[in-house]
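Here's start.txt, which has compact mmCIF, C-alpha atoms:
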```
# COMPACT_ATOMS: atom_id res chain seq x y z
CA MET A 128 -13.73 30.56 9.02
CA ALA A 129 -16.53 28.61 10.61
CA LEU A 130 -17.62 27.35 13.94
CA ARG A 131 -18.53 23.69 14.01
CA ARG A 132 -21.82 24.49 15.63
CA SER A 133 -22.59 27.00 12.89
CA THR A 134 -22.09 24.88 9.79
CA LYS A 135 -25.69 23.72 9.93
CA VAL A 136 -26.65 26.30 7.31
CA PHE A 137 -25.80 23.98 4.39
CA GLY A 138 -22.09 23.92 5.19
CA ALA A 139 -21.75 27.64 4.90
CA GLY A 140 -19.37 28.28 7.77
CA MET A 141 -21.08 31.08 9.70
CA ALA A 142 -19.00 33.45 11.78
CA ALA A 143 -19.11 33.03 15.53
CA ALA A 144 -20.32 36.57 15.96
CA ALA A 145 -23.79 35.63 14.71
CA LEU A 146 -25.27 35.69 18.19
CA ALA A 147 -28.76 36.98 17.60
CA VAL A 148 -31.09 38.18 14.87
CA THR A 149 -32.76 41.52 15.39
CA ALA A 150 -34.33 43.70 12.74
CA PHE A 151 -32.30 46.49 11.16
CA ALA A 152 -34.28 48.33 8.55
CA ALA A 153 -31.88 49.40 5.80
CA PRO A 154 -33.09 51.20 2.69
CA VAL A 155 -33.28 48.92 -0.32
CA GLN A 156 -31.24 49.90 -3.37
CA ALA A 157 -32.52 48.70 -6.71
CA ALA A 158 -30.13 46.68 -8.86
CA ASP A 159 -28.81 47.88 -12.17
CA PRO A 160 -31.01 45.86 -14.56
CA GLY A 161 -28.00 44.80 -16.68
CA PRO A 162 -28.06 42.57 -19.73
CA ALA A 163 -30.05 39.80 -18.09
CA ALA A 164 -32.88 41.92 -16.72
CA GLY A 165 -36.26 40.29 -16.97
CA THR A 166 -34.78 36.94 -17.94
CA GLY A 167 -34.86 34.93 -14.77
CA HIS A 168 -33.31 36.89 -11.90
CA ARG A 169 -36.36 38.77 -10.63
CA ALA A 170 -36.97 36.15 -7.92
CA THR A 171 -33.34 36.45 -6.82
CA GLN A 172 -33.60 40.22 -6.53
CA ARG A 173 -36.81 39.91 -4.51
CA ALA A 174 -35.17 37.41 -2.15
CA MET A 175 -32.20 39.75 -1.69
CA ASP A 176 -34.50 42.69 -0.97
CA ASP A 177 -36.45 40.56 1.51
CA ALA A 178 -33.20 39.60 3.27
CA VAL A 179 -32.32 43.29 3.62
CA ALA A 180 -35.80 44.06 4.91
CA SER A 181 -35.32 41.30 7.50
CA GLY A 182 -32.22 42.95 8.95
CA ILE A 183 -29.20 42.32 6.68
CA PRO A 184 -27.37 45.62 5.96
CA GLY A 185 -26.47 44.89 2.34
CA ILE A 186 -25.91 42.18 -0.26
CA THR A 187 -23.77 42.07 -3.39
CA THR A 188 -24.43 39.36 -5.98
CA GLN A 189 -23.36 38.06 -9.36
CA ALA A 190 -25.08 35.30 -11.34
CA ARG A 191 -23.94 33.75 -14.61
CA ASP A 192 -26.08 31.63 -16.91
CA GLY A 193 -26.81 31.13 -20.59
CA ARG A 194 -28.13 34.67 -20.86
CA GLY A 195 -24.96 36.31 -19.59
CA VAL A 196 -23.82 37.99 -16.40
CA TRP A 197 -26.21 39.59 -13.93
CA LYS A 198 -24.91 41.87 -11.18
CA ALA A 199 -27.07 43.18 -8.40
CA ALA A 200 -26.93 44.78 -4.98
CA SER A 201 -29.42 45.52 -2.25
CA GLY A 202 -29.23 47.50 0.96
CA VAL A 203 -26.40 49.64 2.27
CA GLY A 204 -22.65 49.31 2.22
CA ASP A 205 -22.17 51.90 4.93
CA ARG A 206 -24.71 52.33 7.73
CA THR A 207 -23.23 55.70 8.70
CA THR A 208 -23.36 57.43 5.33
CA GLY A 209 -26.17 55.39 3.79
CA ALA A 210 -24.02 54.62 0.73
CA PRO A 211 -25.52 51.68 -1.17
CA ARG A 212 -23.91 48.27 -1.35
CA GLY A 213 -21.74 48.00 -4.47
CA LYS A 214 -22.23 45.47 -7.26
CA ASN A 215 -18.46 45.02 -7.59
CA ASP A 216 -17.55 44.97 -3.91
CA LYS A 217 -14.54 43.07 -2.60
CA PHE A 218 -15.13 41.17 0.64
CA ARG A 219 -13.64 38.58 2.97
CA VAL A 220 -14.81 35.20 1.64
CA GLY A 221 -14.10 33.18 4.79
CA SER A 222 -14.21 29.41 4.35
CA ILE A 223 -14.53 29.62 0.57
CA THR A 224 -10.73 29.85 0.93
CA LYS A 225 -10.80 26.11 1.66
CA SER A 226 -11.66 25.32 -1.96
CA PHE A 227 -8.52 27.16 -3.06
CA VAL A 228 -6.31 25.32 -0.55
CA ALA A 229 -7.74 21.90 -1.44
CA THR A 230 -7.16 22.64 -5.12
CA VAL A 231 -3.49 23.44 -4.49
CA LEU A 232 -2.95 20.21 -2.54
CA LEU A 233 -4.69 18.18 -5.24
CA GLN A 234 -2.49 19.80 -7.88
CA MET A 235 0.52 18.79 -5.81
CA GLU A 236 -0.79 15.24 -5.66
CA ALA A 237 -1.18 15.21 -9.45
CA GLU A 238 2.47 16.27 -9.66
CA GLY A 239 3.52 13.34 -7.46
CA ARG A 240 4.66 15.56 -4.60
CA LEU A 241 2.30 14.06 -2.03
CA ASP A 242 -0.50 11.52 -1.70
CA LEU A 243 -3.92 12.14 -0.20
CA ASP A 244 -3.38 9.07 1.95
CA ASP A 245 -0.11 10.36 3.37
CA LYS A 246 -0.15 10.72 7.12
CA VAL A 247 0.04 14.29 8.38
CA GLU A 248 3.12 13.26 10.34
CA ARG A 249 5.03 12.68 7.11
CA HIS A 250 4.82 16.34 6.16
CA LEU A 251 4.51 17.96 9.59
CA PRO A 252 6.56 15.74 11.90
CA GLY A 253 5.71 16.23 15.55
CA VAL A 254 3.22 19.03 14.92
CA VAL A 255 0.01 17.13 15.72
CA ARG A 256 0.69 15.59 19.12
CA GLY A 257 -0.77 15.73 22.61
CA ASN A 258 -4.10 15.18 24.37
CA GLY A 259 -4.76 12.13 22.23
CA ASN A 260 -4.05 13.97 18.95
CA ASP A 261 -1.62 12.09 16.72
CA GLY A 262 -0.55 13.12 13.23
CA ARG A 263 0.67 9.58 12.64
CA ARG A 264 -2.99 8.50 12.46
CA VAL A 265 -4.50 11.38 10.48
CA ARG A 266 -4.34 11.42 6.66
CA VAL A 267 -4.21 14.45 4.40
CA ARG A 268 -7.54 13.41 2.86
CA GLN A 269 -9.13 13.49 6.31
CA LEU A 270 -8.04 17.09 6.78
CA LEU A 271 -9.62 18.10 3.50
CA ASN A 272 -13.00 16.39 4.07
CA HIS A 273 -13.18 17.15 7.80
CA THR A 274 -13.05 13.55 9.02
CA SER A 275 -9.84 14.00 11.03
CA GLY A 276 -11.62 14.39 14.36
CA LEU A 277 -9.40 17.36 15.26
CA PHE A 278 -11.00 20.01 17.45
CA ASP A 279 -11.99 23.27 15.72
CA TYR A 280 -9.86 26.03 17.23
CA LEU A 281 -12.71 28.50 16.64
CA ALA A 282 -14.85 26.49 19.04
CA ASP A 283 -12.43 27.12 21.91
CA ALA A 284 -14.32 29.30 24.40
CA GLU A 285 -11.40 31.58 25.26
CA TYR A 286 -10.50 32.06 21.60
CA GLN A 287 -14.11 32.93 20.82
CA ARG A 288 -14.31 35.53 23.57
CA THR A 289 -10.99 37.09 22.59
CA TYR A 290 -11.11 37.11 18.80
CA LEU A 291 -14.72 36.59 17.71
CA LEU A 292 -17.02 38.11 20.30
CA GLU A 293 -16.68 40.77 22.99
CA GLY A 294 -12.87 40.87 22.77
CA TYR A 295 -12.82 41.36 19.02
CA LEU A 296 -12.65 45.15 18.98
CA GLU A 297 -9.65 45.11 21.32
CA HIS A 298 -7.78 42.30 19.56
CA ARG A 299 -8.70 42.59 15.89
CA TYR A 300 -5.30 44.03 14.97
CA ASP A 301 -3.36 41.19 16.62
CA THR A 302 -1.12 39.11 14.36
CA LEU A 303 -1.88 35.43 14.86
CA PRO A 304 0.57 32.92 13.35
CA PRO A 305 -0.98 29.67 12.06
CA ARG A 306 0.69 27.55 14.72
CA LYS A 307 -1.13 29.51 17.44
CA HIS A 308 -4.38 28.22 15.98
CA VAL A 309 -2.97 24.69 15.97
CA ARG A 310 -1.90 25.02 19.62
CA VAL A 311 -5.40 26.17 20.60
CA ALA A 312 -6.92 23.13 18.87
CA LEU A 313 -4.46 20.62 20.31
CA ALA A 314 -5.22 21.79 23.84
CA HIS A 315 -8.40 19.76 23.32
CA GLN A 316 -8.81 16.04 22.83
CA PRO A 317 -9.93 14.89 19.37
CA LEU A 318 -13.66 14.56 18.87
CA PHE A 319 -13.44 11.02 17.43
CA GLU A 320 -11.06 8.57 15.80
CA PRO A 321 -9.72 9.74 12.43
CA GLY A 322 -12.06 8.71 9.63
CA ALA A 323 -14.92 7.73 11.94
CA LYS A 324 -17.25 10.55 10.88
CA HIS A 325 -17.44 14.16 9.70
CA SER A 326 -17.12 17.28 11.84
CA TYR A 327 -16.25 20.64 10.30
CA SER A 328 -13.01 21.99 11.77
CA ASN A 329 -11.02 25.00 10.66
CA THR A 330 -7.97 23.42 12.27
CA ASN A 331 -7.88 20.97 9.37
CA TYR A 332 -7.18 23.72 6.85
CA VAL A 333 -4.60 25.49 8.97
CA LEU A 334 -2.70 22.18 8.88
CA ALA A 335 -3.43 21.84 5.16
CA GLY A 336 -1.89 25.27 4.60
CA LEU A 337 1.19 24.25 6.57
CA ILE A 338 1.49 21.13 4.39
CA VAL A 339 1.24 23.29 1.25
CA GLU A 340 4.17 25.32 2.53
CA LYS A 341 6.23 22.27 3.52
CA VAL A 342 5.70 20.48 0.21
CA GLY A 343 6.04 23.57 -1.96
CA GLY A 344 8.88 25.22 -0.09
CA ARG A 345 7.06 28.54 -0.42
CA THR A 346 4.31 30.38 1.38
CA TYR A 347 0.72 29.21 1.06
CA GLU A 348 -0.11 32.64 -0.39
CA GLU A 349 2.48 32.30 -3.16
CA GLU A 350 1.17 28.86 -4.11
CA VAL A 351 -2.43 30.09 -4.34
CA ARG A 352 -1.36 33.15 -6.34
CA ASP A 353 0.80 31.28 -8.86
CA ARG A 354 -1.42 28.22 -9.25
CA ILE A 355 -4.91 29.75 -9.23
CA ILE A 356 -5.19 33.53 -8.98
CA GLY A 357 -2.67 34.32 -11.71
CA PRO A 358 -3.57 31.65 -14.29
CA LEU A 359 -7.30 32.40 -14.00
CA GLY A 360 -6.84 36.16 -14.10
CA LEU A 361 -8.62 36.69 -10.79
CA ARG A 362 -7.59 40.32 -10.58
CA ASN A 363 -9.86 41.08 -7.63
CA THR A 364 -8.70 38.16 -5.49
CA SER A 365 -5.89 38.33 -2.96
CA ASN A 366 -4.51 37.06 0.33
CA PRO A 367 -4.32 39.88 2.87
CA GLY A 368 -1.31 38.69 4.89
CA ASN A 369 -1.13 40.99 7.93
CA SER A 370 -2.96 43.86 6.23
CA ILE A 371 -5.93 45.20 8.16
CA ARG A 372 -7.77 46.90 5.29
CA LEU A 373 -10.02 45.80 2.48
CA PRO A 374 -8.97 46.86 -1.04
CA ARG A 375 -11.48 49.08 -2.83
CA PRO A 376 -14.17 48.98 -3.97
CA SER A 377 -15.63 47.56 -0.79
CA SER A 378 -18.30 48.14 1.79
CA ARG A 379 -18.19 48.18 5.57
CA GLY A 380 -18.70 44.94 7.49
CA TYR A 381 -20.88 44.64 10.59
CA ALA A 382 -21.24 42.24 13.50
CA LYS A 383 -23.17 41.67 16.71
CA LEU A 384 -20.44 40.90 19.21
CA PHE A 385 -22.11 41.24 22.60
CA ALA A 386 -24.62 38.75 23.98
CA SER A 387 -25.51 41.33 26.62
CA ALA A 388 -26.45 43.82 23.91
CA PRO A 389 -28.03 41.81 21.07
CA ASP A 390 -29.19 44.93 19.22
CA ARG A 391 -25.75 46.51 19.16
CA ILE A 392 -24.09 46.52 15.73
CA ASP A 393 -20.37 47.29 15.39
CA ASP A 394 -18.35 48.21 12.30
CA ILE A 395 -15.68 45.51 12.18
CA THR A 396 -14.31 46.17 8.69
CA GLU A 397 -10.67 46.43 9.75
CA MET A 398 -9.00 43.25 11.03
CA ASN A 399 -5.59 41.63 10.75
CA GLY A 400 -5.80 39.19 7.87
CA SER A 401 -3.63 36.66 9.70
CA GLN A 402 -6.56 35.83 11.93
CA GLY A 403 -7.98 33.80 9.03
CA TRP A 404 -5.07 32.36 7.03
CA ALA A 405 -5.54 29.14 4.98
CA ASP A 406 -8.86 28.34 6.60
CA GLY A 407 -10.46 31.63 5.59
CA ASP A 408 -8.37 34.67 4.71
CA ILE A 409 -8.97 35.28 0.99
CA ILE A 410 -10.52 38.54 -0.24
CA SER A 411 -12.43 38.38 -3.53
CA THR A 412 -15.53 39.41 -5.46
CA ALA A 413 -18.65 37.55 -6.55
CA GLY A 414 -17.40 37.64 -10.14
CA ASP A 415 -14.00 36.15 -9.34
CA LEU A 416 -15.58 33.41 -7.21
CA ASN A 417 -17.83 32.43 -10.10
CA ARG A 418 -14.82 32.33 -12.41
CA PHE A 419 -12.90 30.14 -9.95
CA TYR A 420 -15.64 27.54 -9.51
CA ARG A 421 -16.43 27.49 -13.22
CA ALA A 422 -12.78 26.71 -13.95
CA LEU A 423 -12.55 24.18 -11.14
CA LEU A 424 -15.65 22.20 -12.10
CA GLY A 425 -14.75 22.50 -15.78
CA GLY A 426 -11.44 20.72 -15.30
CA GLU A 427 -9.19 23.73 -15.90
CA LEU A 428 -7.42 23.38 -12.56
CA LEU A 429 -7.33 19.64 -11.84
CA PRO A 430 -6.87 16.42 -13.83
CA PRO A 431 -9.92 14.10 -13.89
CA LYS A 432 -8.58 11.83 -11.13
CA GLN A 433 -8.09 14.66 -8.68
CA LEU A 434 -11.40 16.31 -9.58
CA ARG A 435 -13.18 13.02 -8.92
CA ALA A 436 -11.46 12.79 -5.56
CA MET A 437 -12.49 16.34 -4.73
CA LYS A 438 -16.12 15.49 -5.52
CA THR A 439 -16.13 12.26 -3.50
CA THR A 440 -18.21 13.30 -0.52
CA VAL A 441 -19.05 12.26 3.01
CA SER A 442 -22.31 13.18 4.73
CA ALA A 443 -22.32 16.20 7.02
CA PRO A 444 -24.67 15.26 9.89
CA GLU A 445 -24.89 18.84 11.14
CA SER A 446 -26.15 19.92 7.69
CA PRO A 447 -29.00 17.69 6.46
CA GLY A 448 -29.01 17.34 2.69
CA VAL A 449 -25.40 18.43 2.41
CA SER A 450 -22.29 16.37 1.77
CA TYR A 451 -18.66 17.45 1.88
CA GLY A 452 -15.86 16.53 -0.49
CA LEU A 453 -12.30 17.85 -0.45
CA GLY A 454 -12.84 21.55 0.11
CA LEU A 455 -16.06 21.35 -1.89
CA THR A 456 -19.69 21.12 -0.74
CA ARG A 457 -22.55 19.42 -2.57
CA LEU A 458 -26.17 20.31 -1.93
CA LYS A 459 -29.55 20.18 -3.64
CA THR A 460 -31.99 23.02 -4.10
CA SER A 461 -35.68 22.74 -3.28
CA CYS A 462 -36.33 21.91 -6.96
CA GLY A 463 -33.72 19.12 -7.04
CA THR A 464 -30.83 20.89 -8.78
CA THR A 465 -27.43 19.67 -7.56
CA LEU A 466 -24.98 22.44 -6.75
CA TRP A 467 -21.28 22.47 -5.91
CA GLY A 468 -19.37 25.18 -4.12
CA HIS A 469 -18.73 26.45 -0.63
CA GLY A 470 -19.90 29.00 1.90
CA GLY A 471 -17.87 31.24 4.14
CA GLY A 472 -18.18 33.30 7.27
CA MET A 473 -15.91 35.83 8.90
CA VAL A 474 -16.73 38.23 11.69
CA GLY A 475 -18.88 40.70 9.76
CA TRP A 476 -19.22 38.78 6.49
CA LEU A 477 -21.24 35.83 5.15
CA SER A 478 -20.80 34.49 1.61
CA MET A 479 -21.97 31.74 -0.72
CA ALA A 480 -20.60 30.63 -4.09
CA LEU A 481 -22.42 27.83 -5.90
CA SER A 482 -22.47 26.32 -9.38
CA THR A 483 -24.23 23.63 -11.32
CA GLU A 484 -21.94 20.73 -12.11
CA ASP A 485 -21.46 21.80 -15.71
CA GLY A 486 -20.56 25.33 -14.63
CA ARG A 487 -23.24 26.86 -16.84
CA HIS A 488 -25.25 28.44 -14.04
CA GLN A 489 -23.56 30.08 -11.08
CA LEU A 490 -24.36 32.33 -8.16
CA ALA A 491 -22.10 34.09 -5.67
CA PHE A 492 -23.22 36.60 -3.06
CA ASN A 493 -22.08 38.24 0.14
CA TYR A 494 -23.74 39.77 3.19
CA ASN A 495 -21.79 42.56 4.91
CA SER A 496 -23.01 41.16 8.22
CA GLY A 497 -21.92 38.38 10.53
CA TRP A 498 -25.50 37.35 11.25
CA ASP A 499 -28.10 35.64 9.13
CA THR A 500 -31.88 35.98 9.09
CA GLY A 501 -32.67 32.77 7.27
CA PHE A 502 -32.61 34.08 3.70
CA ARG A 503 -29.41 32.65 2.23
CA ARG A 504 -31.05 29.40 1.19
CA LYS A 505 -34.01 31.37 -0.14
CA ILE A 506 -31.69 33.42 -2.36
CA VAL A 507 -30.15 30.21 -3.69
CA ASP A 508 -33.55 28.66 -4.43
CA ALA A 509 -34.75 31.88 -6.01
CA GLU A 510 -31.84 31.86 -8.45
CA PHE A 511 -31.79 28.18 -9.35
CA CYS A 512 -35.49 27.35 -9.01
CA GLY A 513 -37.14 30.68 -9.72
CA THR A 514 -39.09 30.55 -6.47
CA PRO A 515 -39.88 33.92 -4.91
```

Hey, can you dump this file as structure tokens for me?
Amino acid sequence: MALRRSTKVFGAGMAAAALAVTAFAAPVQAADPGPAAGTGHRATQRAMDDAVASGIPGITTQARDGRGVWKAASGVGDRTTGAPRGKNDKFRVGSITKSFVATVLLQMEAEGRLDLDDKVERHLPGVVRGNGNDGRRVRVRQLLNHTSGLFDYLADAEYQRTYLLEGYLEHRYDTLPPRKHVRVALAHQPLFEPGAKHSYSNTNYVLAGLIVEKVGGRTYEEEVRDRIIGPLGLRNTSNPGNSIRLPRPSSRGYAKLFASAPDRIDDITEMNGSQGWADGDIISTAGDLNRFYRALLGGELLPPKQLRAMKTTVSAPESPGVSYGLGLTRLKTSCGTTLWGHGGGMVGWLSMALSTEDGRHQLAFNYNSGWDTGFRRKIVDAEFCGTP
């Protein structure tokens, strides 16, 4: 999930609970050197350790390149016991889920079951109506590249207070059906005419998930499982449904929920998975995310026409240097390397998964915190540029 106002960190989709940055000194855990030790990941490890020193509880990472697979971790996975962050941790990936959903819809287009230029009304008659919102004017493509103009339900002040900030601990076990999220969004007028510009909105992917179900005649979760998770052998990837727990191995997740107490850190690991759904509910690992994007960019999941469409981008004004395709983000590192992937934020979790276009060099990592201290881009540059 992602707040519109928070996508400025290169389209990463930060959680709304990232209210303030205060130092939390967690002990640094050295990474297992692994097969790629000393061959290009030292800068990445240093950047991870620096992020932990700056106040991030823990980080789990996997990189893949011509030398092999490198796994690393830094910091703690449990602030109470001091247990280190695990190199194989499962975590809530947040908006990285959007890449999975867009892939399913593009597969359906390749099968002739829908067209990207279909109006939303065709598949969800009467669903997008009211306060100037009109599904007869919004196209499926505009949902996937965030040019629909639809209000982001996570930016609704009451929703934020109840489910992302001070009300989170009381309401985190609530089951929230997708159409509740749609109703919250449609209580607001659209931000602009469909297609006029880009504005990141989680509402778009709730509707995309509903279209997946209407076209496929099955649940969104079943489509993702049978089209992506199963064929790619992503054994550590799942949709949580209404489950409140993370499958093991995993670490605890932490958030700063109270503006009145910016130094307070709460354990928010348990939450009802339905509070994310098709805009951000998937649970995975760094290794599975690298496998997914390598397959996606390598043409294993989409025909050339649909992959080209996915990589046709629009500028994201709130994120200078970033452009957004269909569930896929493009950005450049400080040394000029073009990367494709997505970022994700949930209350208590921040993730990134990025790949070079040829899929030969990849990086995926996760913070078990809902706040950032400015190091995510530094970790990316460290890995792909070698800068400390």

Which neighbours of Ala405 (chain A) fall inside 9 Å, counting all atoms listed in the file, when residues of the same chain fewer than 4 positions from it are skipped, and could you give them as a ChimeraX atom specification?
/A:222,224-225,227-228,305,329,332-337,347-348,409

So which residues touch Val351 (chain A) within 9 Å, counting all atoms listed in the file, skipping near sequence neighbours fewer than 4 positions away, as a tab-separated table (two decimals) with C-alpha atoms, keeping the file's coordinate frame?
```tsv
chain	number	residue	atom	x	y	z
A	227	PHE	CA	-8.52	27.16	-3.06
A	228	VAL	CA	-6.31	25.32	-0.55
A	230	THR	CA	-7.16	22.64	-5.12
A	231	VAL	CA	-3.49	23.44	-4.49
A	346	THR	CA	4.31	30.38	1.38
A	347	TYR	CA	0.72	29.21	1.06
A	355	ILE	CA	-4.91	29.75	-9.23
A	356	ILE	CA	-5.19	33.53	-8.98
A	357	GLY	CA	-2.67	34.32	-11.71
A	366	ASN	CA	-4.51	37.06	0.33
```

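Ranking A:Val179, A:Val507, A:Val267, A:Leu303 by their shortest atom-to-atom distance to Ser461 (chain A), with all atoms listed in the file included, puts A:Val507 first.
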
List every protein, DNA or RNA residue with an atom no more than 8 Å from (-17.4, 29.9, 0.8) in the file's coordinates, counting only C-alpha atoms, and format the result as a PyMOL selection string.
chain A and resi 139-140+220-226+468-472+478-480

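Here CA of Gly452 (chain A) stands at a distance of 21.7 Å from CA of His250 (chain A).
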
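The list of residues with at least one atom within 10 Å of Lys217 (chain A), based on all atoms listed in the file and without residues fewer than 4 positions apart in the same chain, reads Thr187, Gly213, Asn363, Thr364, Ser365, Leu373, Pro374, Arg375, Pro376, Ser377, Ser378, Ile410, Ser411, Thr412, Ala413, Gly414, Asp415 and Asn493 of chain A.
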
For the selection you just gave me, I'd like the residues written to a file as a compact mmCIF listing (two decimals), keeping the file's coordinate frame, keeping C-alpha atoms.
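Saved as part08.txt:
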```txt
# COMPACT_ATOMS: atom_id res chain seq x y z
CA THR A 187 -23.77 42.07 -3.39
CA GLY A 213 -21.74 48.00 -4.47
CA ASN A 363 -9.86 41.08 -7.63
CA THR A 364 -8.70 38.16 -5.49
CA SER A 365 -5.89 38.33 -2.96
CA LEU A 373 -10.02 45.80 2.48
CA PRO A 374 -8.97 46.86 -1.04
CA ARG A 375 -11.48 49.08 -2.83
CA PRO A 376 -14.17 48.98 -3.97
CA SER A 377 -15.63 47.56 -0.79
CA SER A 378 -18.30 48.14 1.79
CA ILE A 410 -10.52 38.54 -0.24
CA SER A 411 -12.43 38.38 -3.53
CA THR A 412 -15.53 39.41 -5.46
CA ALA A 413 -18.65 37.55 -6.55
CA GLY A 414 -17.40 37.64 -10.14
CA ASP A 415 -14.00 36.15 -9.34
CA ASN A 493 -22.08 38.24 0.14
```

Excluding Ser450 (chain A) and its own-chain neighbours fewer than 6 positions away, which residues fall within 12 Å of it when counting all atoms listed in the file? Please give them as a tab-separated table (two decimals) with C-alpha atoms, in the frame of the given file.
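Output contents, as saved in result.tsv:
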```
chain	number	residue	atom	x	y	z
A	134	THR	CA	-22.09	24.88	9.79
A	135	LYS	CA	-25.69	23.72	9.93
A	137	PHE	CA	-25.80	23.98	4.39
A	138	GLY	CA	-22.09	23.92	5.19
A	139	ALA	CA	-21.75	27.64	4.90
A	272	ASN	CA	-13.00	16.39	4.07
A	273	HIS	CA	-13.18	17.15	7.80
A	324	LYS	CA	-17.25	10.55	10.88
A	325	HIS	CA	-17.44	14.16	9.70
A	326	SER	CA	-17.12	17.28	11.84
A	327	TYR	CA	-16.25	20.64	10.30
A	437	MET	CA	-12.49	16.34	-4.73
A	438	LYS	CA	-16.12	15.49	-5.52
A	439	THR	CA	-16.13	12.26	-3.50
A	440	THR	CA	-18.21	13.30	-0.52
A	441	VAL	CA	-19.05	12.26	3.01
A	442	SER	CA	-22.31	13.18	4.73
A	443	ALA	CA	-22.32	16.20	7.02
A	444	PRO	CA	-24.67	15.26	9.89
A	456	THR	CA	-19.69	21.12	-0.74
A	457	ARG	CA	-22.55	19.42	-2.57
A	458	LEU	CA	-26.17	20.31	-1.93
A	459	LYS	CA	-29.55	20.18	-3.64
A	465	THR	CA	-27.43	19.67	-7.56
A	466	LEU	CA	-24.98	22.44	-6.75
A	467	TRP	CA	-21.28	22.47	-5.91
A	468	GLY	CA	-19.37	25.18	-4.12
A	469	HIS	CA	-18.73	26.45	-0.63
```
